[in-house]
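Here the structure is laid out as structure tokens; the discussion comes afterwards.
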Amino acid sequence: MSHIWPIGGGKGGTGKSFLTGNLGILLAKHGYRTLLVDIDFGTANLHTVLGISHPDKSISDFVNKKVGALEETVVSTTIPNLYFISSAMNNLDIANLAHEQKMKLLRSITKLSYDYILLDLGAGTSFNTIDFFMISNSGILVTTSEPTSIENIYRLIRSVYIRKIRQELKVHNFRFLAEEAQRRDSRATENNPDFLLYIMKEIDPERGKILELSLRDFIFKLVLNQLRKEDDPNIGSLICKIIERHLALKMQFIGNISFDDHVHNSICKKMPFLHIYPYTQAASDIRRCYENIVSFKETSSFAHGDID
Ligand SMILES: Nc1ncnc2c1ncn2[C@@H]1O[C@H](COP(=O)(O)OP(=O)(O)OP(=O)(O)O)[C@@H](O)[C@H]1O
Ligand SMILES: [Mg+2]
């Protein structure tokens, strides 16, 4: 089974595509057959980060049934072992992806056979983006040190967590739990996952324990990108600690990637960053993040059968 790493973030421009492209290059260089999938349908630009001009096939050919299998939209890149599914040139917006189309796409991605599959997600907390983020337990979130970006990461994590509770409990039981939470504390909303879990464990300890274990399986990895000299280098681990405390879930800080003007240059030149600037601080930061992610024991599971 392929290891799937969805790469997301609540805010645009934090560096999701940049990280996806460069982690993909490192995986391929280490000999892993790696597929990068651009899931940012509305504003796809992973191809530019990789230095690929518009591929003639794209994911919308599959969604619009122009081809029968998702595999037919895969293109090879100039980098050995690195493959790509583009979203450029399509007329889809992820928010408009119908439920059936989304489920078909999710299922098809999990059936592809590569060592690693990396998904470059769009910004935001739309249901569709969250469902792609939840395709495995190995999601990576990218934030900058700006409070707006951190706030959005928090919102995204909370939405994923709530969605996971909904999936585990199914619609009916979730509604009951949300109503019970509301009855006990009128200020409590269904946006307070920690409180929901607490109540669940109280009214049905056995089921609550199962839910807790399943939530604990889900580990959020965090990368702090565009770290500037004046920023506190510990901010990423601090964010993880605060979120762990507030939402009672597991976070893993992967590392900082320095802000570096060479990134801008590489994108303007349409050349992969690690290829043209391998000896910069940001390049060595990405390599360290890569080592931290691959050395982390991971599980990848498809958990979408129950999505309402
Ligand atoms: N470490 C870095 N140092 C300097 N600039 C960076 C760094 N990482 C990313 N950038 C800049 O940020 C811009 C946005 O990066 P990228 O496109 O990867 O973000 P994104 O999160 O994928 O955005 P979107 O949500 O719009 O898809 C890039 O054009 C690049 O110039
Ligand atoms: Mg992007």
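Letters for chains follow the order of the structure tokens (A, B, ...), residue numbers begin at 1 for each chain, and ligand numbers begin at 1 in the order shown.
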
Q. Hey, which residues come within 12 Å of ligand 2 if we count only C-alpha atoms and all ligand atoms? Could you give them as a ChimeraX atom specification?
A. /A:7-21,37-50,87-88,119-124,142

Q.
If DSSP is run on the backbone, what residues of segment 81-133 of chain A are strand (DSSP E)? A reply as a ChimeraX atom specification would be ideal.
A. /A:82-85,116-120

Please save N, CA, C and O atoms of the selected residues as an mmCIF file, in the first residue's frame.
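Resulting contents of again38.cif:
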```cif
data_model
loop_
_atom_site.group_PDB
_atom_site.id
_atom_site.type_symbol
_atom_site.label_atom_id
_atom_site.label_comp_id
_atom_site.auth_asym_id
_atom_site.auth_seq_id
_atom_site.Cartn_x
_atom_site.Cartn_y
_atom_site.Cartn_z
ATOM 1 N N LEU A 82 9.967 10.216 -10.256
ATOM 2 C CA LEU A 82 8.973 11.226 -9.846
ATOM 3 C C LEU A 82 7.886 11.371 -10.918
ATOM 4 O O LEU A 82 8.179 11.658 -12.083
ATOM 5 N N TYR A 83 6.644 11.158 -10.500
ATOM 6 C CA TYR A 83 5.484 11.211 -11.398
ATOM 7 C C TYR A 83 4.520 12.280 -10.892
ATOM 8 O O TYR A 83 4.576 12.681 -9.728
ATOM 9 N N PHE A 84 3.613 12.662 -11.785
ATOM 10 C CA PHE A 84 2.812 13.847 -11.463
ATOM 11 C C PHE A 84 1.417 13.747 -12.062
ATOM 12 O O PHE A 84 1.248 13.310 -13.199
ATOM 13 N N ILE A 85 0.419 14.149 -11.280
ATOM 14 C CA ILE A 85 -0.932 14.348 -11.830
ATOM 15 C C ILE A 85 -1.255 15.823 -11.647
ATOM 16 O O ILE A 85 -1.265 16.336 -10.526
ATOM 17 N N TYR A 116 5.254 6.375 -2.480
ATOM 18 C CA TYR A 116 4.689 7.545 -1.790
ATOM 19 C C TYR A 116 3.793 8.321 -2.745
ATOM 20 O O TYR A 116 4.114 8.469 -3.931
ATOM 21 N N ILE A 117 2.677 8.809 -2.194
ATOM 22 C CA ILE A 117 1.798 9.702 -2.952
ATOM 23 C C ILE A 117 1.629 10.965 -2.111
ATOM 24 O O ILE A 117 1.199 10.899 -0.946
ATOM 25 N N LEU A 118 1.981 12.099 -2.683
ATOM 26 C CA LEU A 118 1.860 13.370 -1.962
ATOM 27 C C LEU A 118 0.754 14.199 -2.608
ATOM 28 O O LEU A 118 0.723 14.341 -3.838
ATOM 29 N N LEU A 119 -0.145 14.715 -1.776
ATOM 30 C CA LEU A 119 -1.253 15.512 -2.293
ATOM 31 C C LEU A 119 -1.053 16.975 -1.915
ATOM 32 O O LEU A 119 -0.946 17.302 -0.732
ATOM 33 N N ASP A 120 -1.003 17.826 -2.923
ATOM 34 C CA ASP A 120 -0.887 19.269 -2.669
ATOM 35 C C ASP A 120 -2.307 19.842 -2.593
ATOM 36 O O ASP A 120 -3.006 19.953 -3.599
#
```

Closest of A:Thr143, A:Asn96, A:Thr34, A:Ser108 to ligand 1, counting only C-alpha atoms and all ligand atoms, is A:Thr143

note - atom CA of Leu112 of chain A and atom CA of Leu35 of chain A are separated by 9.2 Å

Produce a table with one row for each residue of segment 151-210 of chain A that has an atom at most 12 Å from any atom of segment 226-240 of chain A, each row naming the nearest atom pair and its distance in Å at one decimal; use only C-alpha atoms; arrange rows by chain and rising residue number; format as a Markdown table.
```
| residue | atom | partner | partner_atom | distance |
| --- | --- | --- | --- | --- |
| A:Glu151 | CA | A:Ile239 | CA | 10.0 |
| A:Ile153 | CA | A:Ile239 | CA | 9.6 |
| A:Tyr154 | CA | A:Ile239 | CA | 8.9 |
| A:Ile157 | CA | A:Cys240 | CA | 11.0 |
```

Just N, CA and C atoms for this one: save the residues we selected as a PDB file, in the first residue's frame.
```pdb
ATOM      1  N   GLU A 151      -3.742  30.944  13.178  1.00  0.00           N
ATOM      2  CA  GLU A 151      -5.185  30.839  13.467  1.00  0.00           C
ATOM      3  C   GLU A 151      -5.864  29.881  12.489  1.00  0.00           C
ATOM      4  N   ILE A 153      -4.502  27.463  10.797  1.00  0.00           N
ATOM      5  CA  ILE A 153      -4.072  26.081  11.052  1.00  0.00           C
ATOM      6  C   ILE A 153      -4.924  25.488  12.182  1.00  0.00           C
ATOM      7  N   TYR A 154      -5.113  26.285  13.226  1.00  0.00           N
ATOM      8  CA  TYR A 154      -5.911  25.831  14.364  1.00  0.00           C
ATOM      9  C   TYR A 154      -7.329  25.469  13.894  1.00  0.00           C
ATOM     10  N   ILE A 157      -7.300  22.216  11.856  1.00  0.00           N
ATOM     11  CA  ILE A 157      -7.139  21.028  12.699  1.00  0.00           C
ATOM     12  C   ILE A 157      -8.449  20.719  13.430  1.00  0.00           C
TER      13      ILE A 157
END
```

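If only C-alpha atoms and all ligand atoms are the atoms counted, then among A:Pro55, A:Pro80, A:Pro193, A:Pro272 the closest residue to ligand 1 is A:Pro272.
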